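**Q** Structure file target.pdb (PDB, C-alpha atoms) is given on the next line.
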```pdb
ATOM      1  CA  MET Y 591       0.000   0.000   0.000
ATOM      2  CA  LYS Y 592       1.490   3.320  -1.057
ATOM      3  CA  LEU Y 593       0.505   6.272   1.140
ATOM      4  CA  SER Y 594       1.414   9.942   1.420
ATOM      5  CA  ILE Y 595       1.147  12.576   4.145
ATOM      6  CA  HIS Y 596      -0.398  16.019   3.574
ATOM      7  CA  ARG Y 597      -1.033  19.042   5.740
ATOM      8  CA  ALA Y 598      -4.802  19.373   6.279
ATOM      9  CA  ALA Y 599      -6.233  22.600   4.913
ATOM     10  CA  ALA Y 600      -9.026  22.426   7.531
ATOM     11  CA  PRO Y 601      -7.644  20.693  10.656
ATOM     12  CA  ASP Y 602     -11.027  20.659  12.425
ATOM     13  CA  ASP Y 603     -12.562  18.793   9.473
ATOM     14  CA  ALA Y 604      -9.791  16.186   9.672
ATOM     15  CA  TYR Y 605     -10.408  15.380  13.351
ATOM     16  CA  MET Y 606     -13.283  12.894  13.004
ATOM     17  CA  PRO Y 607     -11.793  10.881  10.122
ATOM     18  CA  ILE Y 608      -8.577  10.521  12.156
ATOM     19  CA  TRP Y 609     -10.396   9.830  15.440
ATOM     20  CA  ALA Y 610     -12.873   7.235  14.095
ATOM     21  CA  PRO Y 611     -10.396   4.361  13.503
ATOM     22  CA  LEU Y 612      -8.685   4.994  16.855
ATOM     23  CA  LEU Y 613     -12.059   5.005  18.625
ATOM     24  CA  ALA Y 614     -12.963   1.718  16.892
ATOM     25  CA  PHE Y 615      -9.637   0.176  17.935
ATOM     26  CA  ASN Y 616     -10.067   1.345  21.548
ATOM     27  CA  GLN Y 617     -13.644   0.059  21.686
ATOM     28  CA  GLN Y 618     -12.558  -3.329  20.381
ATOM     29  CA  ALA Y 619      -9.752  -3.523  22.955
ATOM     30  CA  VAL Y 620     -11.496  -2.264  26.112
ATOM     31  CA  GLY Y 621     -15.145  -1.516  25.413
ATOM     32  CA  ASP Y 622     -16.891   1.844  25.557
ATOM     33  CA  ALA Y 623     -14.289   4.448  24.637
ATOM     34  CA  GLU Y 624     -16.382   7.468  23.738
ATOM     35  CA  GLY Y 625     -16.680   8.973  27.192
ATOM     36  CA  GLN Y 626     -19.501  11.089  28.515
ATOM     37  CA  ALA Y 627     -19.157  14.868  28.489
ATOM     38  CA  PHE Y 628     -20.228  17.138  31.343
ATOM     39  CA  ALA Y 629     -20.395  20.925  31.420
ATOM     40  CA  LEU Y 630     -21.383  23.694  33.803
ATOM     41  CA  THR Y 631     -21.798  27.250  32.575
ATOM     42  CA  ILE Y 632     -21.581  30.644  34.264
ATOM     43  CA  THR Y 633     -23.983  33.327  33.042
ATOM     44  CA  SER Y 634     -25.385  36.625  34.281
ATOM     45  CA  PRO Y 635     -29.004  36.544  35.532
ATOM     46  CA  GLY Y 636     -31.384  36.896  32.590
ATOM     47  CA  ASP Y 637     -28.616  36.485  30.002
ATOM     48  CA  ASP Y 638     -27.669  33.318  28.076
ATOM     49  CA  GLU Y 639     -24.142  34.470  27.212
ATOM     50  CA  ILE Y 640     -21.645  31.991  28.649
ATOM     51  CA  LEU Y 641     -19.003  33.862  30.633
ATOM     52  CA  GLY Y 642     -17.142  30.845  31.965
ATOM     53  CA  GLY Y 643     -17.667  27.387  33.343
ATOM     54  CA  LEU Y 644     -16.281  23.876  33.481
ATOM     55  CA  TRP Y 645     -16.051  21.153  30.820
ATOM     56  CA  ALA Y 646     -15.159  17.551  31.681
ATOM     57  CA  LEU Y 647     -15.261  14.038  30.275
ATOM     58  CA  SER Y 648     -15.744  10.779  32.163
ATOM     59  CA  LEU Y 649     -14.109   7.730  30.652
ATOM     60  CA  TRP Y 650     -13.010   4.362  32.022
ATOM     61  CA  GLY Y 651     -13.510   5.309  35.663
ATOM     62  CA  SER Y 652     -11.787   8.682  35.584
ATOM     63  CA  PHE Y 653     -13.153  12.210  35.227
ATOM     64  CA  TYR Y 654     -10.956  14.500  33.123
ATOM     65  CA  ILE Y 655     -11.467  18.223  33.691
ATOM     66  CA  GLY Y 656     -10.486  19.895  30.444
ATOM     67  CA  LEU Y 657     -11.589  23.485  31.077
ATOM     68  CA  VAL Y 658     -12.244  25.621  34.152
ATOM     69  CA  VAL Y 659     -12.807  29.339  33.576
ATOM     70  CA  THR Y 660     -14.284  31.970  35.849
ATOM     71  CA  PRO Y 661     -14.846  35.525  34.626
ATOM     72  CA  GLU Y 662     -11.872  37.697  35.517
ATOM     73  CA  GLY Y 663     -13.963  40.243  37.431
ATOM     74  CA  ALA Y 664     -15.590  37.507  39.519
ATOM     75  CA  ARG Y 665     -12.496  35.583  40.603
ATOM     76  CA  GLY Y 666     -11.995  35.046  44.310
ATOM     77  CA  GLN Y 667     -15.737  34.790  44.986
ATOM     78  CA  GLY Y 668     -15.926  31.006  45.185
ATOM     79  CA  LEU Y 669     -17.213  30.267  41.680
ATOM     80  CA  GLY Y 670     -14.267  28.020  40.840
ATOM     81  CA  THR Y 671     -14.695  26.104  44.080
ATOM     82  CA  GLN Y 672     -18.402  25.669  43.338
ATOM     83  CA  LEU Y 673     -17.662  24.448  39.811
ATOM     84  CA  MET Y 674     -15.172  21.908  41.103
ATOM     85  CA  ALA Y 675     -17.492  20.717  43.894
ATOM     86  CA  GLN Y 676     -20.309  20.119  41.426
ATOM     87  CA  ALA Y 677     -17.912  18.331  39.084
ATOM     88  CA  GLU Y 678     -16.730  16.081  41.920
ATOM     89  CA  THR Y 679     -20.327  15.250  42.845
ATOM     90  CA  GLU Y 680     -20.979  14.311  39.213
ATOM     91  CA  ALA Y 681     -17.787  12.250  38.998
ATOM     92  CA  ILE Y 682     -18.799  10.254  42.073
ATOM     93  CA  ALA Y 683     -22.333   9.782  40.706
ATOM     94  CA  ARG Y 684     -20.799   8.378  37.508
ATOM     95  CA  GLY Y 685     -18.734   5.906  39.531
ATOM     96  CA  CYS Y 686     -15.393   7.517  38.764
ATOM     97  CA  ARG Y 687     -12.419   6.598  40.959
ATOM     98  CA  SER Y 688     -10.455   9.766  40.256
ATOM     99  CA  MET Y 689     -10.508  13.242  38.756
ATOM    100  CA  TRP Y 690      -7.581  14.630  36.815
ATOM    101  CA  LEU Y 691      -6.581  17.790  34.994
ATOM    102  CA  ASP Y 692      -3.585  19.732  33.813
ATOM    103  CA  THR Y 693      -2.546  23.309  34.531
ATOM    104  CA  TYR Y 694       0.405  25.513  33.670
ATOM    105  CA  ALA Y 695       2.712  27.315  36.103
ATOM    106  CA  PHE Y 696       0.971  30.647  35.437
ATOM    107  CA  GLN Y 697      -2.498  29.190  36.014
ATOM    108  CA  ALA Y 698      -4.097  27.565  39.064
ATOM    109  CA  ARG Y 699      -1.925  24.841  40.617
ATOM    110  CA  THR Y 700      -2.356  26.126  44.191
ATOM    111  CA  PHE Y 701      -6.132  26.417  43.709
ATOM    112  CA  TYR Y 702      -6.340  22.749  42.739
ATOM    113  CA  GLU Y 703      -4.024  21.718  45.577
ATOM    114  CA  ARG Y 704      -6.391  23.412  48.047
ATOM    115  CA  LEU Y 705      -9.140  21.197  46.632
ATOM    116  CA  GLY Y 706      -7.147  18.010  47.274
ATOM    117  CA  PHE Y 707      -5.403  17.517  43.932
ATOM    118  CA  GLY Y 708      -1.776  16.427  43.832
ATOM    119  CA  VAL Y 709       0.790  16.504  41.042
ATOM    120  CA  PHE Y 710       1.414  13.141  39.381
ATOM    121  CA  GLY Y 711       3.376  14.385  36.384
ATOM    122  CA  GLN Y 712       5.180  17.420  35.086
ATOM    123  CA  ILE Y 713       6.528  18.687  31.777
ATOM    124  CA  ASP Y 714       9.315  21.231  32.048
ATOM    125  CA  GLY Y 715      10.131  23.941  29.574
ATOM    126  CA  PRO Y 716      10.715  27.652  29.343
ATOM    127  CA  PRO Y 717       8.856  29.977  31.706
ATOM    128  CA  PRO Y 718       6.289  31.434  32.031
ATOM    129  CA  MET Y 719       4.253  28.636  30.397
ATOM    130  CA  PHE Y 720       6.094  25.780  31.991
ATOM    131  CA  PRO Y 721       6.212  23.711  34.005
ATOM    132  CA  ARG Y 722       2.918  22.096  33.074
ATOM    133  CA  TYR Y 723       1.435  20.074  35.932
ATOM    134  CA  PHE Y 724      -0.770  17.006  35.647
ATOM    135  CA  MET Y 725      -2.882  16.680  38.780
ATOM    136  CA  GLN Y 726      -5.146  14.017  40.219
ATOM    137  CA  LYS Y 727      -7.600  13.634  43.069
ATOM    138  CA  LEU Y 728      -8.645  10.170  44.198
ATOM    139  CA  LEU Y 729     -12.340   9.811  45.012
ATOM    140  CA  ALA Y 730     -13.870   7.759  47.802
TER     141      ALA Y 730
END
```
Step by step, read the file and then write its structure as structure tokens.
**A**
Amino acid sequence: MKLSIHRAAAPDDAYMPIWAPLLAFNQQAVGDAEGQAFALTITSPGDDEILGGLWALSLWGSFYIGLVVTPEGARGQGLGTQLMAQAETEAIARGCRSMWLDTYAFQARTFYERLGFGVFGQIDGPPPMFPRYFMQKLLA
């Protein structure tokens, strides 16, 4: 079989054709591999505009938190803690054994540590972006 490699003109359009055979392989090897998404949004009263929130995915007994954003003017008011508490409740309800996420040095490592997350991996590189921390919290 002769094949060639090309740069995709529309990377977003290439995602599903690339993902589909990997998903099929994973499903054949270990069962359900699609995961179940979860999201919480932050809005102003009476307005549907999303100003922040949390996006996560549960898969194979873990709950990956991909995005946590609180509006800049509302930081320090407990919104992030509320988002994470609701996410943890959902993770437990889904039977997850752990939650995990990643954060950069300039982001929120200490916030997550206060919530019981610990570093399990790190990628080093030039500041201010790095190090990048991979963090996990085991659930009861």
**Q** Given the file above and the PyMOL selection byres ((chain Y and resi 656-669) around 8), which residues are selected, and can you give them as a VMD selection string?
**A** chain Y and resid 632 641 to 647 654 to 655 670 to 673 691 to 692
**Q** Set the distance at 7 Å and use only C-alpha atoms: which residues neighbour Y:Met725 once local chain neighbours fewer than 3 positions away are removed? I'd like the list as an NGL selection string.
**A** :Y and (690-692 or 707-710)
**Q** Give me the box for stretch 626-641 of chain Y as AutoDock Vina command-line options, namely the centre and edge lengths in Å to one decimal of a box along x, y and z that holds every listed atom plus 4 Å on each side.
**A**
```
--center_x -25.2 --center_y 24.0 --center_z 31.4 --size_x 20.4 --size_y 33.8 --size_z 16.3
```
**Q** What is the atom CA of Y:Ser688 to atom CA of Y:Gly706 distance in Å?
**A**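 Pair atom CA of Y:Ser688 / atom CA of Y:Gly706 returns 11.3 Å.
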**Q** Go through Y:Thr631, Y:Gln726, Y:Ser594, Y:Asn616 one by one, measure the shortest atom-to-atom distance of each to Y:Gln676 using only C-alpha atoms, and give the residue with the smallest value.
**A**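 Result for the nearest residue to Y:Gln676: Y:Thr631.
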**Q** Which of these residues is nearest to Y:Ala695, using all atoms listed in the file: Y:Glu678, Y:Arg722, Y:Ala600, Y:Gly715?
**A**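 Of the candidates, the smallest distance to Y:Ala695 is held by Y:Arg722.
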**Q** Using the chain letters and numbers from the file, which residues does the PyMOL selection byres ((chain Y and resi 687) around 9) grab, as JSON, numbers by chain?
**A** {"Y": [651, 652, 653, 681, 682, 685, 686, 688, 689, 727, 728, 729, 730]}
**Q** What does the structure give for the distance between atom CA of Y:Gly711 and atom CA of Y:Phe724, in Å to one decimal?
**A**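 Going from atom CA of Y:Gly711 over to atom CA of Y:Phe724 covers 5.0 Å.
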**Q** Rank nothing, just name the residue among Y:Met674, Y:Ala598, Y:Met591, Y:Leu649 nearest to Y:Ala623, using all atoms listed in the file.
**A** Y:Leu649
**Q** Nearest to Y:Val620: which of Y:Leu705, Y:Ser634, Y:Trp650, Y:Pro721 is it, counting only C-alpha atoms?
**A** Y:Trp650
**Q** Pull the neighbourhood of (0.6, 31.5, 32.3) for me: all residues within 7 Å in file coordinates, counting all atoms listed in the file, as a list in words.
**A**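 All residues meeting the 7 Å criterion around (0.6, 31.5, 32.3) are Tyr694, Ala695, Phe696, Gln697, Pro718 and Met719 of chain Y.
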**Q** Calculate how many Å separate atom CA of Y:Asp714 from atom CA of Y:Ala698, rounding to one decimal.
**A**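 Rounded to one decimal, the two atoms are 16.4 Å apart.
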**Q** When distances are computed from all atoms listed in the file, which of Y:Phe701, Y:Thr679, Y:Gln712, Y:Ser648 shows the smallest separation from Y:Ala627?
**A**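 Smallest distance to Y:Ala627 is found for Y:Ser648.
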**Q** With distances taken over all atoms listed in the file, which of Y:Ala610, Y:Ala599, Y:Thr693, Y:Ala629 is nearest to Y:Ala677?
**A** Y:Ala629
